[in-house]
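**Student:** The structure follows.
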Amino acid sequence: MNGESGPADRHAIVCRGLRHAFGDKVAVDGVDLDVAEGEIFGLLGPNGAGKTTTIRLITTLLPARPGMVEVFGLDVARHRMAVRRAIGYLPQQLSADAALTGRENVGLFARLFDVPRRQRGERVEEVLAAVGLADAAERRAQTYSGGMIRRLELAQALVSAPRLLILDEPTIGLDPVARDGVWERIQEVRRATGMTVLVTTHYMDEADQHCGRIALMHRGRVQALGTPSELKSGLEPGATLEEVFRAYTGDRLDEPGDGFRDARRTRRTAGRLG
Ligand SMILES: Nc1ncnc2c1ncn2[C@@H]1O[C@H](COP(=O)(O)OP(=O)(O)OP(=O)(O)O)[C@@H](O)[C@H]1O
């Protein structure tokens, strides 16, 4: 188990009153979060709850106002590049190039993220080995299984040796064995480096097993926050995380109006596996 938090005074992420609207649509509506250094923190919530928007604000991909987000003590509104250098990001969308080999894909990210030229080769081999792809490094990504592609994308996110790894649904669409494979690699790297992990997932069993703490989001707000055990025992003795989720989200799996987005994402994933 890996539920331990870092020291209370060392934070990888601090959000205060985090808010973002797309036109009239308020996607994130006053989120307060503290993620301690070294912990695995899960963001859970139904489709459209505001998880990805929160992540995009933390990673500087959407603009946050000063005072809303700090990453390792740096305000993301003022220190955009320094924050980006500290973060490895695995987006929901496919980020590997099918026509390139595993090694070329990771090498590309090493250049993009300014891994010093002299360390690049070694670093690429290290992360390929860390995600279990050393033997497949010479093969084009188009020959990989869905689980291998996700592990390749994990290697891309890890090549710059980030202190904070942000994973947006790292195991979506994968079979249980491939999901375990992805998590094993995340856990191994985290144990070896002490990096902090912020992850979104729709799989309650994964959140229960791997996250030290969880924030349950609904309609742009954090509705509940705690360790999986705290959340479950807070509902009723013997409750499952799934039941906690349903209790806080009103039994809804979807927000209205998000069907198209959801379908598009699922199909994108299915296409990746085909
Ligand atoms: N680029 C955009 N333009 C307009 N509205 C958006 C945009 N991105 C997200 N939204 C809206 O903001 C709300 C929050 O979306 P967000 O993607 O953050 O949710 P989520 O919790 O990550 O959902 P999912 O689990 O489906 O990824 C939703 O109502 C969504 O429709």
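So you can find residues: chains in the structure tokens are A, B, ... in the order shown, residues in each start at 1, and ligands are numbered from 1 in order.
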Could you list, as JSON, numbers by chain, all residues that come within 6 Å of ligand 1? Count only C-alpha atoms and all ligand atoms.

**Tutor:** {"A": [22, 27, 45, 46, 47, 48, 49, 50, 51, 52, 53, 258, 262]}

**Student:** Please identify the helix (DSSP H, G or I) residues within range 2-222 of chain A (assignment by DSSP from backbone atoms) and present them as a ChimeraX atom specification.

**Tutor:** /A:51-58,80-86,102-112,117-130,134-136,141-143,146-158,176-193,204-210

**Student:** Save the residues we just selected, C-alpha atoms, as a PDB file, in the first residue's frame?

**Tutor:**
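Ended up saving to result_16.pdb:
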ATOM      1  CA  LYS A  51     -11.198  17.006 -13.530  1.00  0.00           C
ATOM      2  CA  THR A  52      -9.421  17.599 -16.838  1.00  0.00           C
ATOM      3  CA  THR A  53      -9.960  21.350 -16.602  1.00  0.00           C
ATOM      4  CA  THR A  54      -8.400  21.288 -13.116  1.00  0.00           C
ATOM      5  CA  ILE A  55      -5.415  19.378 -14.492  1.00  0.00           C
ATOM      6  CA  ARG A  56      -5.050  21.759 -17.420  1.00  0.00           C
ATOM      7  CA  LEU A  57      -4.976  24.712 -15.020  1.00  0.00           C
ATOM      8  CA  ILE A  58      -2.315  23.027 -12.870  1.00  0.00           C
ATOM      9  CA  ARG A  80       4.966  28.954 -16.282  1.00  0.00           C
ATOM     10  CA  MET A  81       8.142  27.491 -17.743  1.00  0.00           C
ATOM     11  CA  ALA A  82       9.640  26.436 -14.393  1.00  0.00           C
ATOM     12  CA  VAL A  83       6.366  24.704 -13.507  1.00  0.00           C
ATOM     13  CA  ARG A  84       6.273  22.937 -16.867  1.00  0.00           C
ATOM     14  CA  ARG A  85       9.806  21.665 -16.328  1.00  0.00           C
ATOM     15  CA  ALA A  86       8.767  20.057 -13.031  1.00  0.00           C
ATOM     16  CA  GLY A 102       9.262   3.177 -29.144  1.00  0.00           C
ATOM     17  CA  ARG A 103      12.783   4.535 -28.752  1.00  0.00           C
ATOM     18  CA  GLU A 104      12.208   7.314 -31.319  1.00  0.00           C
ATOM     19  CA  ASN A 105       8.980   8.355 -29.589  1.00  0.00           C
ATOM     20  CA  VAL A 106      10.676   8.690 -26.214  1.00  0.00           C
ATOM     21  CA  GLY A 107      13.711  10.369 -27.819  1.00  0.00           C
ATOM     22  CA  LEU A 108      11.409  12.969 -29.344  1.00  0.00           C
ATOM     23  CA  PHE A 109       9.998  13.834 -25.933  1.00  0.00           C
ATOM     24  CA  ALA A 110      13.515  13.973 -24.467  1.00  0.00           C
ATOM     25  CA  ARG A 111      14.362  16.670 -27.034  1.00  0.00           C
ATOM     26  CA  LEU A 112      11.044  18.482 -26.541  1.00  0.00           C
ATOM     27  CA  ARG A 117      21.971  16.097 -25.031  1.00  0.00           C
ATOM     28  CA  ARG A 118      24.667  14.114 -23.203  1.00  0.00           C
ATOM     29  CA  GLN A 119      22.101  12.490 -20.856  1.00  0.00           C
ATOM     30  CA  ARG A 120      19.461  11.869 -23.495  1.00  0.00           C
ATOM     31  CA  GLY A 121      20.460   8.415 -24.741  1.00  0.00           C
ATOM     32  CA  GLU A 122      20.887   7.018 -21.256  1.00  0.00           C
ATOM     33  CA  ARG A 123      17.665   8.587 -20.010  1.00  0.00           C
ATOM     34  CA  VAL A 124      15.645   7.190 -22.935  1.00  0.00           C
ATOM     35  CA  GLU A 125      16.955   3.657 -22.262  1.00  0.00           C
ATOM     36  CA  GLU A 126      16.298   4.038 -18.534  1.00  0.00           C
ATOM     37  CA  VAL A 127      12.631   4.976 -18.935  1.00  0.00           C
ATOM     38  CA  LEU A 128      12.023   2.379 -21.664  1.00  0.00           C
ATOM     39  CA  ALA A 129      13.353  -0.252 -19.245  1.00  0.00           C
ATOM     40  CA  ALA A 130      11.317   1.235 -16.376  1.00  0.00           C
ATOM     41  CA  ALA A 134      13.338  -2.273 -23.578  1.00  0.00           C
ATOM     42  CA  ASP A 135      12.825  -5.355 -25.761  1.00  0.00           C
ATOM     43  CA  ALA A 136      10.211  -3.640 -27.934  1.00  0.00           C
ATOM     44  CA  ALA A 141       4.418   1.929 -32.008  1.00  0.00           C
ATOM     45  CA  GLN A 142       1.771   0.803 -34.505  1.00  0.00           C
ATOM     46  CA  THR A 143       2.673  -2.815 -33.656  1.00  0.00           C
ATOM     47  CA  GLY A 146      -3.033  -0.809 -26.124  1.00  0.00           C
ATOM     48  CA  GLY A 147      -1.254  -1.497 -22.816  1.00  0.00           C
ATOM     49  CA  MET A 148       2.182  -1.130 -24.439  1.00  0.00           C
ATOM     50  CA  ILE A 149       1.157   2.194 -26.022  1.00  0.00           C
ATOM     51  CA  ARG A 150       0.031   3.548 -22.661  1.00  0.00           C
ATOM     52  CA  ARG A 151       3.324   2.410 -21.092  1.00  0.00           C
ATOM     53  CA  LEU A 152       5.197   4.079 -23.981  1.00  0.00           C
ATOM     54  CA  GLU A 153       3.309   7.310 -23.281  1.00  0.00           C
ATOM     55  CA  LEU A 154       4.205   6.904 -19.624  1.00  0.00           C
ATOM     56  CA  ALA A 155       7.879   6.658 -20.653  1.00  0.00           C
ATOM     57  CA  GLN A 156       7.452   9.880 -22.670  1.00  0.00           C
ATOM     58  CA  ALA A 157       6.045  11.625 -19.594  1.00  0.00           C
ATOM     59  CA  LEU A 158       8.861  10.288 -17.395  1.00  0.00           C
ATOM     60  CA  PRO A 176      -7.355  -5.653 -16.401  1.00  0.00           C
ATOM     61  CA  VAL A 177      -3.927  -7.187 -17.050  1.00  0.00           C
ATOM     62  CA  ALA A 178      -2.752  -4.158 -19.050  1.00  0.00           C
ATOM     63  CA  ARG A 179      -4.167  -1.830 -16.354  1.00  0.00           C
ATOM     64  CA  ASP A 180      -2.152  -3.658 -13.698  1.00  0.00           C
ATOM     65  CA  GLY A 181       0.922  -3.400 -15.922  1.00  0.00           C
ATOM     66  CA  VAL A 182       0.591   0.384 -16.186  1.00  0.00           C
ATOM     67  CA  TRP A 183       0.075   0.783 -12.427  1.00  0.00           C
ATOM     68  CA  GLU A 184       2.993  -1.501 -11.551  1.00  0.00           C
ATOM     69  CA  ARG A 185       5.301   0.741 -13.581  1.00  0.00           C
ATOM     70  CA  ILE A 186       3.918   3.914 -12.039  1.00  0.00           C
ATOM     71  CA  GLN A 187       4.398   2.466  -8.553  1.00  0.00           C
ATOM     72  CA  GLU A 188       7.926   1.267  -9.267  1.00  0.00           C
ATOM     73  CA  VAL A 189       9.087   4.638 -10.589  1.00  0.00           C
ATOM     74  CA  ARG A 190       7.419   6.426  -7.706  1.00  0.00           C
ATOM     75  CA  ARG A 191       9.087   4.180  -5.146  1.00  0.00           C
ATOM     76  CA  ALA A 192      12.466   4.729  -6.804  1.00  0.00           C
ATOM     77  CA  THR A 193      12.203   8.520  -7.197  1.00  0.00           C
ATOM     78  CA  MET A 204     -12.902   2.901  -8.497  1.00  0.00           C
ATOM     79  CA  ASP A 205     -10.891  -0.253  -7.797  1.00  0.00           C
ATOM     80  CA  GLU A 206      -7.728   1.470  -9.054  1.00  0.00           C
ATOM     81  CA  ALA A 207      -8.364   4.559  -6.969  1.00  0.00           C
ATOM     82  CA  ASP A 208      -9.025   2.433  -3.896  1.00  0.00           C
ATOM     83  CA  GLN A 209      -5.901   0.368  -4.378  1.00  0.00           C
ATOM     84  CA  HIS A 210      -3.396   2.989  -5.486  1.00  0.00           C
TER      85      HIS A 210
END

**Student:** To one decimal place, how far is CA of Ile13 in chain A from CA of Asp34 in chain A in Å?

**Tutor:** 5.7 Å

**Student:** Counting only C-alpha atoms, which residue out of A:Glu230, A:Glu37, A:Glu169, A:Asp175 sits closest to Gln92 in chain A?

**Tutor:**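 Comparing A:Glu230, A:Glu37, A:Glu169, A:Asp175 against Gln92 in chain A, the winner is A:Glu169.
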
**Student:** If I take CA of Asp97 in chain A and CA of Tyr203 in chain A, how far is one from the other in Å, to one decimal?

**Tutor:**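 So the answer is 26.5 Å.
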
**Student:** Expressed in Å to a single decimal, how great is the separation between CA of Ala161 in chain A and CA of Met68 in chain A?

**Tutor:**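 About the pair CA of Ala161 in chain A and CA of Met68 in chain A: they are 25.5 Å apart.
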
**Student:** Which polymer residues have any atom within 12 Å of an atom of range 237-246 of chain A, counting only C-alpha atoms, with same-chain residues fewer than 2 positions away left out, as a ChimeraX atom specification?

**Tutor:** /A:43-46,202-209,211,214-218,222-235,248-254

**Student:** Could you check the closest approach to Ile40 in chain A for each of A:Cys15, A:Leu62, A:Met195, A:Ala99 and tell me which residue wins, using only C-alpha atoms?

**Tutor:**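 Closest to Ile40 in chain A of all the choices is A:Met195.
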
**Student:** Looking only at strand (DSSP E) from DSSP on the backbone, list the matching residues of range 1-247 of chain A as an NGL selection string.

**Tutor:** :A and (11-22 or 25-36 or 40-44 or 69-71 or 74-75 or 87-90 or 164-168 or 196-200 or 213-218 or 221-226)

**Student:** I need the chosen residues saved as a short mmCIF file (atom, residue, chain, number, x, y, z; two decimals), in the first residue's frame, with C-alpha atoms.

**Tutor:**
data_model
loop_
_atom_site.label_atom_id
_atom_site.label_comp_id
_atom_site.auth_asym_id
_atom_site.auth_seq_id
_atom_site.Cartn_x
_atom_site.Cartn_y
_atom_site.Cartn_z
CA HIS A 11 3.27 20.54 -0.97
CA ALA A 12 3.61 19.57 -4.61
CA ILE A 13 0.32 21.29 -5.48
CA VAL A 14 -1.74 23.92 -3.68
CA CYS A 15 -5.00 25.15 -5.26
CA ARG A 16 -6.99 27.96 -3.68
CA GLY A 17 -10.34 29.02 -5.09
CA LEU A 18 -9.42 27.50 -8.45
CA ARG A 19 -11.98 28.51 -11.04
CA HIS A 20 -12.39 28.35 -14.79
CA ALA A 21 -15.31 29.02 -17.13
CA PHE A 22 -15.70 28.27 -20.82
CA LYS A 25 -20.13 27.22 -18.51
CA VAL A 26 -18.31 27.17 -15.17
CA ALA A 27 -16.17 24.01 -15.39
CA VAL A 28 -14.19 24.48 -12.14
CA ASP A 29 -15.92 26.38 -9.40
CA GLY A 30 -13.73 27.23 -6.39
CA VAL A 31 -11.54 24.17 -5.88
CA ASP A 32 -9.19 24.01 -2.86
CA LEU A 33 -6.64 21.20 -2.93
CA ASP A 34 -3.35 20.38 -1.21
CA VAL A 35 -1.32 17.54 -2.67
CA ALA A 36 1.63 16.58 -0.48
CA ILE A 40 -0.55 9.52 -5.09
CA PHE A 41 -3.60 11.74 -5.20
CA GLY A 42 -6.72 10.75 -7.13
CA LEU A 43 -9.23 13.11 -8.75
CA LEU A 44 -12.51 11.26 -9.21
CA VAL A 69 -2.30 27.39 -8.10
CA GLU A 70 1.20 26.75 -6.80
CA VAL A 71 3.36 23.84 -7.92
CA LEU A 74 5.80 28.38 -7.65
CA ASP A 75 2.74 30.32 -8.75
CA ILE A 87 5.78 18.23 -14.53
CA GLY A 88 5.39 15.06 -16.61
CA TYR A 89 1.94 14.91 -18.19
CA LEU A 90 0.11 11.94 -19.63
CA LEU A 164 5.25 15.67 -10.39
CA LEU A 165 3.58 13.17 -12.73
CA ILE A 166 0.05 14.04 -13.87
CA LEU A 167 -1.97 11.21 -15.39
CA ASP A 168 -5.35 11.82 -17.04
CA THR A 196 4.29 12.96 -6.63
CA VAL A 197 1.43 11.58 -8.74
CA LEU A 198 -1.89 13.27 -9.53
CA VAL A 199 -4.23 10.93 -11.37
CA THR A 200 -7.79 10.92 -12.68
CA ARG A 213 -6.02 10.33 -0.92
CA ILE A 214 -8.93 11.09 -3.19
CA ALA A 215 -10.91 14.23 -4.04
CA LEU A 216 -14.37 13.49 -5.37
CA MET A 217 -15.43 16.21 -7.83
CA HIS A 218 -18.92 16.97 -9.03
CA ARG A 221 -16.47 21.39 -6.94
CA VAL A 222 -14.74 19.05 -4.51
CA GLN A 223 -17.58 17.26 -2.75
CA ALA A 224 -15.52 14.94 -0.56
CA LEU A 225 -11.84 14.48 0.24
CA GLY A 226 -9.91 11.88 2.22
#

**Student:** Could you check the closest approach to Glu138 in chain A for each of A:Leu100, A:Gly38, A:Pro91, A:Glu236 and tell me which residue wins, using only C-alpha atoms?

**Tutor:**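 Closest to Glu138 in chain A, using only C-alpha atoms: A:Leu100.
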